[in-house]
$ cat structure.csv   # CSV, C-alpha atoms and all ligand atoms
chain,number,residue,atom,x,y,z
A,1,MET,CA,82.3,79.8,99.1
A,2,ALA,CA,78.9,80.1,97.6
A,3,SER,CA,77.7,81.6,94.4
A,4,LYS,CA,75.6,84.7,94.3
A,5,ASN,CA,72.3,82.7,94.4
A,6,GLY,CA,73.4,81.0,97.6
A,7,LYS,CA,74.0,77.6,96.2
A,8,PRO,CA,77.4,76.1,97.1
A,9,SER,CA,79.9,77.0,94.4
A,10,ALA,CA,81.9,74.4,92.6
A,11,ARG,CA,84.8,72.7,94.3
A,12,ARG,CA,88.3,73.8,93.2
A,13,ALA,CA,91.1,72.0,91.6
A,14,GLY,CA,94.6,73.4,90.9
A,15,ALA,CA,96.3,70.6,89.0
A,16,GLY,CA,93.9,69.7,86.2
A,17,ALA,CA,92.5,66.7,88.0
A,18,CYS,CA,89.0,66.2,89.3
A,19,PRO,CA,88.9,66.9,93.0
A,20,ALA,CA,86.3,64.2,93.6
A,21,CYS,CA,87.6,61.2,91.6
A,22,GLY,CA,91.1,62.3,90.4
A,23,ALA,CA,90.3,61.8,86.7
A,24,ALA,CA,92.4,64.0,84.5
A,25,VAL,CA,90.8,67.1,83.0
A,26,ALA,CA,91.9,67.6,79.4
A,27,ALA,CA,91.2,71.3,78.8
A,28,ALA,CA,93.9,73.8,79.9
A,29,PRO,CA,92.7,76.8,81.8
A,30,ALA,CA,92.4,80.2,80.3
A,31,THR,CA,95.3,82.3,81.7
A,32,SER,CA,94.5,85.6,80.1
A,33,VAL,CA,91.4,87.6,79.3
A,34,VAL,CA,92.0,90.4,76.9
A,35,ARG,CA,89.6,93.2,76.1
A,36,PRO,CA,88.0,93.7,73.6
A,37,HIS,CA,88.0,89.9,72.8
A,38,THR,CA,84.8,89.0,74.5
A,39,ALA,CA,84.1,85.3,74.8
A,40,ASP,CA,86.4,84.7,77.8
A,41,LEU,CA,85.4,88.1,79.3
A,42,GLU,CA,81.8,87.2,79.2
A,43,ALA,CA,82.6,83.8,80.8
A,44,LEU,CA,84.6,85.6,83.5
A,45,LEU,CA,81.7,87.9,84.4
A,46,ARG,CA,79.3,85.0,84.4
A,47,GLY,CA,81.6,83.1,86.8
A,48,SER,CA,82.1,80.3,84.3
A,49,LEU,CA,85.7,80.9,83.3
A,50,ASN,CA,87.8,77.9,84.0
A,51,ARG,CA,84.8,75.9,85.4
A,52,ARG,CA,84.9,72.3,84.5
A,53,GLU,CA,82.7,69.3,84.9
A,54,CYS,CA,84.4,65.9,85.3
A,55,ALA,CA,83.5,63.6,82.4
A,56,ALA,CA,84.0,60.6,84.7
A,57,CYS,CA,81.9,61.5,87.8
A,58,GLY,CA,80.1,64.8,86.9
A,59,GLN,CA,81.7,66.8,89.7
A,60,ALA,CA,81.8,70.5,88.9
A,61,PHE,CA,84.9,72.5,89.9
A,62,VAL,CA,87.0,75.5,89.2
A,63,LEU,CA,90.6,75.3,88.0
A,64,ASP,CA,92.6,77.5,90.3
A,65,ALA,CA,94.8,79.0,87.6
A,66,PRO,CA,96.3,82.5,87.7
A,67,VAL,CA,94.5,84.8,85.2
A,68,VAL,CA,95.5,88.2,83.8
A,69,PHE,CA,92.9,90.6,82.6
A,70,ARG,CA,94.3,93.2,80.1
A,71,ASP,CA,92.5,96.1,78.5
A,72,ASP,CA,94.4,97.7,75.7
A,73,GLU,CA,91.8,100.4,75.0
A,74,THR,CA,91.7,101.9,78.5
A,75,PRO,CA,95.1,100.7,79.8
A,76,CYS,CA,94.5,98.3,82.7
A,77,LEU,CA,96.0,95.1,84.0
A,78,ILE,CA,94.3,93.0,86.7
A,79,TYR,CA,96.1,89.9,87.9
A,80,PHE,CA,94.3,87.1,89.7
A,81,LEU,CA,96.6,85.0,91.9
A,82,PRO,CA,94.7,82.3,93.6
A,83,GLU,CA,95.8,80.1,96.5
A,84,ALA,CA,98.9,82.1,97.3
A,85,ASP,CA,100.5,82.4,100.7
A,86,ALA,CA,101.4,85.8,102.2
A,87,GLY,CA,105.0,85.8,100.9
A,88,ARG,CA,103.9,85.0,97.3
A,89,ARG,CA,101.2,87.7,97.5
A,90,ALA,CA,103.7,90.3,98.6
A,91,ARG,CA,106.2,89.4,95.8
A,92,ALA,CA,103.4,89.4,93.2
A,93,ALA,CA,102.2,92.8,94.3
A,94,GLY,CA,105.8,94.1,93.9
A,95,GLU,CA,106.1,92.6,90.4
A,96,MET,CA,102.9,94.2,89.1
A,97,ALA,CA,104.4,97.6,88.4
A,98,GLY,CA,107.1,96.2,86.1
A,99,LEU,CA,104.6,94.0,84.4
A,100,ALA,CA,102.3,97.0,83.7
A,101,ALA,CA,105.2,99.1,82.4
A,102,THR,CA,106.2,96.3,79.9
A,103,ALA,CA,102.6,95.5,78.8
A,104,PHE,CA,101.9,99.1,77.9
A,105,ALA,CA,105.3,100.2,76.7
A,106,GLU,CA,103.8,101.4,73.4
A,107,ALA,CA,100.8,103.1,75.0
A,108,GLY,CA,102.6,106.4,75.6
A,109,ASN,CA,102.3,108.2,78.9
A,110,VAL,CA,98.9,106.9,80.1
A,111,PRO,CA,99.6,105.3,83.4
A,112,PRO,CA,97.8,102.0,83.4
A,113,VAL,CA,95.5,100.9,86.2
A,114,CYS,CA,97.3,98.0,87.8
A,115,ARG,CA,95.6,95.7,90.3
A,116,ILE,CA,96.0,92.4,91.9
A,117,ALA,CA,93.3,90.1,93.4
A,118,PHE,CA,93.7,87.0,95.5
A,119,THR,CA,90.2,85.6,95.3
A,120,ARG,CA,88.1,84.9,92.3
A,121,ARG,CA,85.2,87.0,93.5
A,122,GLN,CA,87.5,90.0,94.0
A,123,PHE,CA,89.0,89.5,90.6
A,124,ILE,CA,85.6,89.5,88.9
A,125,GLU,CA,84.6,92.6,90.9
A,126,LYS,CA,87.7,94.4,89.8
A,127,VAL,CA,87.1,93.6,86.1
A,128,ALA,CA,83.4,94.6,86.4
A,129,LEU,CA,84.3,98.0,88.0
A,130,HIS,CA,86.9,98.7,85.3
A,131,LEU,CA,84.3,97.9,82.6
A,132,ARG,CA,81.8,100.2,84.3
A,133,GLY,CA,84.4,103.0,84.4
A,134,LEU,CA,84.2,103.1,88.2
A,135,ASP,CA,87.2,103.9,90.4
A,136,ASP,CA,87.7,100.8,92.5
A,137,ARG,CA,89.5,102.9,95.2
A,138,LEU,CA,86.3,104.9,95.7
A,139,ILE,CA,84.3,101.7,95.8
A,140,GLU,CA,86.6,100.2,98.5
A,141,TYR,CA,86.5,103.5,100.3
A,142,ILE,CA,82.7,103.5,100.3
A,143,LYS,CA,82.7,99.9,101.7
A,144,TYR,CA,85.0,101.1,104.5
A,145,GLN,CA,82.6,103.9,105.3
A,146,MET,CA,79.6,101.5,105.3
A,147,PHE,CA,81.4,99.1,107.7
A,148,ARG,CA,82.0,102.1,110.0
A,149,ASN,CA,78.5,103.5,109.8
A,150,PRO,CA,76.2,101.8,112.4
A,151,GLN,CA,73.2,102.8,110.4
A,152,GLN,CA,74.2,100.5,107.5
A,153,LYS,CA,74.1,97.5,109.9
A,154,VAL,CA,76.8,95.8,107.9
A,155,SER,CA,79.4,94.2,110.2
A,156,ALA,CA,82.9,93.9,108.9
A,157,ALA,CA,83.5,91.1,111.4
A,158,SER,CA,80.8,88.9,109.9
A,159,SER,CA,80.3,90.3,106.3
A,160,GLU,CA,82.0,91.0,103.1
A,161,LEU,CA,80.8,93.4,100.5
A,162,PHE,CA,81.1,93.0,96.7
A,163,TYR,CA,80.0,95.5,94.1
A,164,ASP,CA,76.8,94.2,92.4
A,165,PHE,CA,77.3,94.7,88.6
A,166,SER,CA,74.0,93.0,87.6
A,167,PRO,CA,71.9,95.1,85.3
A,168,GLY,CA,69.2,97.5,86.6
A,169,HIS,CA,69.1,100.0,89.5
A,170,SER,CA,71.2,102.5,87.5
A,171,ASP,CA,70.4,105.2,90.2
A,172,ARG,CA,71.8,102.9,92.9
A,173,LEU,CA,75.1,101.7,94.0
A,174,SER,CA,74.4,98.1,95.1
A,175,PHE,CA,76.6,95.7,97.1
A,176,LEU,CA,76.0,92.1,97.7
A,177,VAL,CA,76.6,91.0,101.3
A,178,PHE,CA,78.3,87.7,101.9
A,179,GLU,CA,78.8,86.0,105.2
A,180,ARG,CA,82.5,85.5,106.1
A,181,GLY,CA,83.5,81.9,106.4
A,182,THR,CA,80.6,80.3,104.7
A,183,GLY,CA,80.5,82.7,101.7
A,184,ALA,CA,76.7,82.6,101.7
A,185,ALA,CA,74.9,85.5,100.2
A,186,THR,CA,72.9,87.2,102.9
A,187,GLY,CA,71.5,90.4,101.4
A,188,VAL,CA,72.0,93.5,99.4
A,189,ALA,CA,73.1,96.9,100.6
A,190,ARG,CA,72.1,99.9,98.5
A,191,LEU,CA,73.3,103.5,98.4
A,192,PRO,CA,72.3,106.4,96.1
A,193,LEU,CA,74.7,106.7,93.2
A,194,THR,CA,75.3,110.3,94.3
A,195,VAL,CA,77.4,108.9,97.1
A,196,TYR,CA,79.9,107.8,94.5
A,197,ASP,CA,79.5,110.8,92.2
A,198,GLU,CA,80.2,113.2,95.1
A,199,LEU,CA,83.4,111.3,96.0
A,200,ALA,CA,84.4,111.2,92.3
A,201,ALA,CA,84.0,115.0,92.1
A,202,GLY,CA,86.0,115.3,95.3
A,203,LEU,CA,88.8,113.2,93.8
A,204,ALA,CA,88.9,115.4,90.7
A,205,GLY,CA,89.0,118.5,92.9
A,206,ASP,CA,91.6,119.7,95.4
A,207,GLY,CA,93.7,116.5,95.7
A,208,ALA,CA,93.0,115.8,99.3
A,209,LEU,CA,90.9,112.7,98.6
A,210,GLY,CA,93.5,111.5,96.1
A,211,LYS,CA,96.2,111.8,98.8
A,212,GLU,CA,94.0,109.9,101.3
A,213,LEU,CA,93.3,107.1,98.8
A,214,GLY,CA,97.0,106.9,98.0
A,215,ARG,CA,97.7,106.5,101.7
A,216,LEU,CA,95.0,103.9,102.2
A,217,PHE,CA,95.8,101.9,99.1
A,218,PRO,CA,99.5,102.3,98.4
A,219,GLY,CA,99.9,99.2,96.2
A,220,PRO,CA,98.1,97.2,93.5
A,221,HIS,CA,96.0,95.3,96.1
A,222,VAL,CA,93.2,97.8,96.5
A,223,ASN,CA,90.8,96.2,98.9
A,224,VAL,CA,88.9,97.2,102.0
A,225,GLU,CA,90.1,94.1,103.7
A,226,ASP,CA,93.5,95.6,104.1
A,227,LEU,CA,92.0,98.5,106.1
A,228,LEU,CA,90.1,96.2,108.4
A,229,ALA,CA,93.1,94.1,109.3
A,301,ZN,ZN,85.5,63.2,88.8

$ encode --input "structure.csv" --output "structure tokens"
Amino acid sequence: MASKNGKPSARRAGAGACPACGAAVAAAPATSVVRPHTADLEALLRGSLNRRECAACGQAFVLDAPVVFRDDETPCLIYFLPEADAGRRARAAGEMAGLAATAFAEAGNVPPVCRIAFTRRQFIEKVALHLRGLDDRLIEYIKYQMFRNPQQKVSAASSELFYDFSPGHSDRLSFLVFERGTGAATGVARLPLTVYDELAAGLAGDGALGKELGRLFPGPHVNVEDLLA
């Protein structure tokens, strides 16, 4: 894994001990991020949530704790489940619907957006898309089209795409390109925002695109990776 600027990202630790020297880490990880409370949310978007630096040896690392993002204003639940095997992932995806129903029991009939992510980068991307008011199914669908379009020169075999939520380029839809395996940032792919707008208009229209998205993404794990498998 590498951070957006290409530098190696911090090492990871799941048990509250420094991965380099084993010294105990005192601070417990944040396990929920609730909008509109903003401090943890800003840390999440910066990539600093649950990052620690070992007081003993100076090693930086990330605590691999599950985190739930919850938005009570625009009902949404996004669950981050790191370091899970396939069985655990499948069970967690099945549990999401019940969790959402409980969390928003008082919210009336608005069906909450309910998502699950298995990597930190995917989790941050999901939260950023939600905050931007973008439909993540359309974003994953656009990634799929980009991988299939030879003119885009983005290979699904060697690259991953992540929505670029950094400020600027409001007329563009930008994706950061990361190399599979190393996680190194290798470039940016840009599309006119009208690509998204036209799909969004189609989704609001005759229902065919909605059916297609429901077929492509039947559960809470909405990710182009599942279409490439
Ligand atoms: Zn240490």

$ atom_distance --input "structure.csv" --atom1 "atom CA of Phe80 of chain A" --atom2 "atom CA of Pro29 of chain A"
13.1 Å

$ closest_residue --input "structure.csv" --among "A:Glu140, A:Glu125, A:Glu212, A:Asp71" --to "Leu44 of chain A" --atoms "all atoms listed in the file"
A:Glu125

$ residues_near_ligand --input "structure.csv" --ligand "ligand ZN 301 (chain A)" --cutoff "9 Å" --atoms "only C-alpha atoms and all ligand atoms" --output "list in words"
Ala17, Cys18, Pro19, Ala20, Cys21, Gly22, Ala23, Ala24, Val25, Glu53, Cys54, Ala55, Ala56, Cys57, Gly58, Gln59 and Ala60 of chain A

$ closest_residue --input "structure.csv" --among "A:Ile78, A:Leu216, A:Ala65, A:Leu45" --to "Ala30 of chain A" --atoms "only C-alpha atoms"
A:Ala65

$ closest_residue --input "structure.csv" --among "A:Leu99, A:Arg132, A:Glu225, A:Arg215" --to "Thr74 of chain A" --atoms "all atoms listed in the file"
A:Arg132
